[in-house]
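Written below as structure tokens is the structure these notes are about.
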Amino acid sequence: MPPLQPKIEELTVYRTARSEGDYQILLVHGALDRAAGLIRVARRLRPHQVVRYDRRGYGRSENATPTTSFSQQVDDLNAVVGDRPTVVFGHSYGGVIALASATQGNPALKAVATFEAPRAWEDWWPAPPPKDTDPADAAEHFLRRVIGDERWDGLPELVRKRRRAEGPLMVEELQAQSERRYDARAINIPLVVGVGEQSGAHAQRAASCTAEEAQRSRLVTIAGAGHAAPTTHPDAIADLVRHAITDAEITNQ
């Protein structure tokens, strides 16, 4: 594991050794996850400098001041990026944050890769859990759907308790996406949009819509993968990031 870096805006950051003259690669995790969930991808992106961080409320950033708005998520990403030329990858809700930063024109971003970033503002996207749903139950239901009952039941009890305790944050993040948070039409840097072959119709439609809207994009379907691809198919996810690096290099020649 890379050494912990000084906290940035109260966030725990992991950063591998810097490679001069190269892009910084930032990996952003989704809901009910943490930086550790992207470590397999990070290992496959050496010798690039790879940066990961625990978003507010997750992992070693669980005690950071809670978010009060979606814009704070974008501010956090921008703070971690700094002013170094960066290729950012976002998984699920992490992809929403990365695309929002690109939509707003962060000049440090040179390309974006995403895997199954939701389009929850669309009328065809599933609604968030009803307000009377127990957030802990909603978190468990989500993870059982993503990783399967057998794997969930095999997790240590402490881990299951922690994931259920993150339910309120997950529900908050789902509800925050009901308003449009990114617009691929406004993104003028290369965009690589990934989706799993085994993922459902909503994920497929979202990926197609985002890729079609973007000015410079490629749509990549990962064979045999579902929503948990950063864990189950880290080589293919690393390839998404490499596509984005290549596209950024071509654009900036």
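To be explicit about the labels: the chains of the structure tokens are called A, B, and onward in the order shown, and within each one the residues are counted from 1, while ligands get numbers from 1 in the order they are shown.
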Proximity check segment 69-96 of chain A to segment 193-208 of chain A, 10 Å, nearest pairs one decimal Å, only C-alpha atoms, as CSV:
residue,atom,partner,partner_atom,distance
A:Phe89,CA,A:Val193,CA,9.9
A:His91,CA,A:Gly194,CA,9.4
A:Ser92,CA,A:Ala203,CA,9.8
A:Gly95,CA,A:Val193,CA,9.5
- Task: Show which residues sit within 10 Å of segment 33-50 of chain A, as a ChimeraX atom specification. Count only C-alpha atoms, and ignore same-chain residues fewer than 5 positions away.
- Result: /A:1-2,12-20,22-28,55-62,86-88,90-91,94,143,163,166,170,228-239,241-242
- Within segment 9-206 of chain A, find each residue whose DSSP state, derived from the backbone, is helix (DSSP H, G or I), and express the selection as a ChimeraX atom specification. /A:35-43,59-61,70-81,93-103,135-147,149-154,157-165,167-176,184-186,201-206
Skip Thr210 of chain A itself and residues of its chain fewer than 6 positions away, then list as a PDB file with N, CA, C and O atoms, in the first residue's frame all residues within 10 Å of it, counting only C-alpha atoms.
ATOM      1  N   ALA A 117     -21.070   5.435 -14.527  1.00  0.00           N
ATOM      2  CA  ALA A 117     -21.526   6.642 -13.840  1.00  0.00           C
ATOM      3  C   ALA A 117     -23.028   6.796 -14.085  1.00  0.00           C
ATOM      4  O   ALA A 117     -23.470   6.829 -15.238  1.00  0.00           O
ATOM      5  N   PRO A 118     -23.846   6.886 -13.047  1.00  0.00           N
ATOM      6  CA  PRO A 118     -25.300   6.952 -13.218  1.00  0.00           C
ATOM      7  C   PRO A 118     -25.767   8.239 -13.908  1.00  0.00           C
ATOM      8  O   PRO A 118     -25.066   9.259 -13.920  1.00  0.00           O
ATOM      9  N   ARG A 119     -26.949   8.168 -14.457  1.00  0.00           N
ATOM     10  CA  ARG A 119     -27.674   9.347 -14.954  1.00  0.00           C
ATOM     11  C   ARG A 119     -29.016   9.374 -14.221  1.00  0.00           C
ATOM     12  O   ARG A 119     -30.089   9.204 -14.805  1.00  0.00           O
ATOM     13  N   TYR A 182     -23.782  16.529 -14.304  1.00  0.00           N
ATOM     14  CA  TYR A 182     -22.760  16.656 -15.346  1.00  0.00           C
ATOM     15  C   TYR A 182     -23.439  16.697 -16.700  1.00  0.00           C
ATOM     16  O   TYR A 182     -24.571  16.255 -16.871  1.00  0.00           O
ATOM     17  N   ASP A 183     -22.723  17.243 -17.672  1.00  0.00           N
ATOM     18  CA  ASP A 183     -23.237  17.352 -19.027  1.00  0.00           C
ATOM     19  C   ASP A 183     -22.088  17.050 -19.989  1.00  0.00           C
ATOM     20  O   ASP A 183     -21.195  17.872 -20.182  1.00  0.00           O
ATOM     21  N   ALA A 184     -22.098  15.857 -20.543  1.00  0.00           N
ATOM     22  CA  ALA A 184     -20.995  15.435 -21.419  1.00  0.00           C
ATOM     23  C   ALA A 184     -20.843  16.346 -22.626  1.00  0.00           C
ATOM     24  O   ALA A 184     -19.752  16.457 -23.189  1.00  0.00           O
ATOM     25  N   ARG A 185     -21.919  17.040 -23.005  1.00  0.00           N
ATOM     26  CA  ARG A 185     -21.838  17.949 -24.159  1.00  0.00           C
ATOM     27  C   ARG A 185     -20.910  19.126 -23.877  1.00  0.00           C
ATOM     28  O   ARG A 185     -20.378  19.737 -24.816  1.00  0.00           O
ATOM     29  N   LEU A 191     -13.008  11.549 -23.347  1.00  0.00           N
ATOM     30  CA  LEU A 191     -13.832  10.842 -22.376  1.00  0.00           C
ATOM     31  C   LEU A 191     -13.933   9.373 -22.796  1.00  0.00           C
ATOM     32  O   LEU A 191     -14.290   9.073 -23.935  1.00  0.00           O
ATOM     33  N   VAL A 192     -13.584   8.485 -21.876  1.00  0.00           N
ATOM     34  CA  VAL A 192     -13.712   7.044 -22.092  1.00  0.00           C
ATOM     35  C   VAL A 192     -14.812   6.545 -21.164  1.00  0.00           C
ATOM     36  O   VAL A 192     -14.722   6.705 -19.948  1.00  0.00           O
ATOM     37  N   VAL A 193     -15.854   5.976 -21.745  1.00  0.00           N
ATOM     38  CA  VAL A 193     -17.037   5.563 -20.991  1.00  0.00           C
ATOM     39  C   VAL A 193     -17.092   4.045 -20.958  1.00  0.00           C
ATOM     40  O   VAL A 193     -17.225   3.402 -21.996  1.00  0.00           O
ATOM     41  N   SER A 217     -15.179  10.999 -27.459  1.00  0.00           N
ATOM     42  CA  SER A 217     -15.418   9.898 -26.535  1.00  0.00           C
ATOM     43  C   SER A 217     -15.242   8.553 -27.218  1.00  0.00           C
ATOM     44  O   SER A 217     -15.239   8.451 -28.443  1.00  0.00           O
ATOM     45  N   ARG A 218     -15.084   7.541 -26.378  1.00  0.00           N
ATOM     46  CA  ARG A 218     -15.154   6.162 -26.845  1.00  0.00           C
ATOM     47  C   ARG A 218     -15.918   5.366 -25.795  1.00  0.00           C
ATOM     48  O   ARG A 218     -15.779   5.592 -24.595  1.00  0.00           O
ATOM     49  N   LEU A 219     -16.756   4.463 -26.268  1.00  0.00           N
ATOM     50  CA  LEU A 219     -17.550   3.600 -25.394  1.00  0.00           C
ATOM     51  C   LEU A 219     -16.889   2.227 -25.378  1.00  0.00           C
ATOM     52  O   LEU A 219     -16.633   1.642 -26.424  1.00  0.00           O
TER      53      LEU A 219
END
- Task: Would you mind listing what lies within 9 Å of segment 64-72 of chain A as number ranges by chain, with only C-alpha atoms counted and same-chain residues fewer than 5 positions away left out?
- Result: A: 9-11, 55-58, 77, 97, 100, 173, 176-177, 181
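Taking atom CA of Pro85 of chain A and atom CA of Leu109 of chain A as the two end points, the separation is 6.0 Å.
Between Thr114 of chain A and the candidates A:Ala31, A:Ala248, A:Leu169, A:Leu240, the tightest atom-to-atom separation, counting only C-alpha atoms, involves A:Leu240.
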- Pro107 of chain A environment, 12 Å, only C-alpha atoms, sequence neighbours closer than 4 positions dropped, as a PyMOL selection string: chain A and resi 78+81-87+101-103+111+187-189
Can I get the selection written as a compact mmCIF listing (two decimals), in the first residue's frame, with N, CA and C atoms?
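Okay, this is what ended up in result11.txt:
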# COMPACT_ATOMS: atom_id res chain seq x y z
N ASN A 78 -11.18 18.40 -6.84
CA ASN A 78 -10.30 19.44 -7.37
C ASN A 78 -9.12 19.72 -6.44
N VAL A 81 -6.62 16.93 -6.91
CA VAL A 81 -5.95 17.09 -8.21
C VAL A 81 -4.88 18.17 -8.13
N GLY A 82 -5.21 19.29 -7.51
CA GLY A 82 -4.27 20.41 -7.49
C GLY A 82 -4.13 20.99 -8.88
N ASP A 83 -2.89 21.38 -9.24
CA ASP A 83 -2.69 21.99 -10.56
C ASP A 83 -1.87 21.10 -11.48
N ARG A 84 -1.69 19.83 -11.11
CA ARG A 84 -0.90 18.94 -11.95
C ARG A 84 -1.77 18.32 -13.02
N PRO A 85 -1.30 18.22 -14.29
CA PRO A 85 -2.09 17.59 -15.35
C PRO A 85 -2.52 16.17 -14.94
N THR A 86 -3.82 15.91 -15.03
CA THR A 86 -4.38 14.70 -14.43
C THR A 86 -5.34 14.00 -15.38
N VAL A 87 -5.28 12.67 -15.37
CA VAL A 87 -6.30 11.82 -15.97
C VAL A 87 -7.06 11.20 -14.82
N SER A 101 -16.65 17.69 -12.44
CA SER A 101 -15.46 18.53 -12.47
C SER A 101 -15.08 18.88 -13.91
N ALA A 102 -15.15 17.89 -14.80
CA ALA A 102 -14.83 18.14 -16.21
C ALA A 102 -15.85 19.07 -16.85
N THR A 103 -17.13 18.91 -16.50
CA THR A 103 -18.18 19.78 -17.02
C THR A 103 -17.92 21.23 -16.64
N ALA A 111 -8.14 14.24 -19.35
CA ALA A 111 -9.03 13.20 -19.86
C ALA A 111 -9.76 12.58 -18.68
N ILE A 187 -18.12 18.87 -22.06
CA ILE A 187 -16.78 18.38 -21.76
C ILE A 187 -15.96 18.37 -23.05
N ASN A 188 -14.88 19.13 -23.08
CA ASN A 188 -14.08 19.25 -24.30
C ASN A 188 -12.75 18.52 -24.23
N ILE A 189 -12.61 17.61 -23.27
CA ILE A 189 -11.43 16.76 -23.19
C ILE A 189 -11.86 15.32 -23.49
- Find the distance between atom CA of Ile147 of chain A and atom CA of Pro126 of chain A and write it in Å to one decimal. 19.2 Å
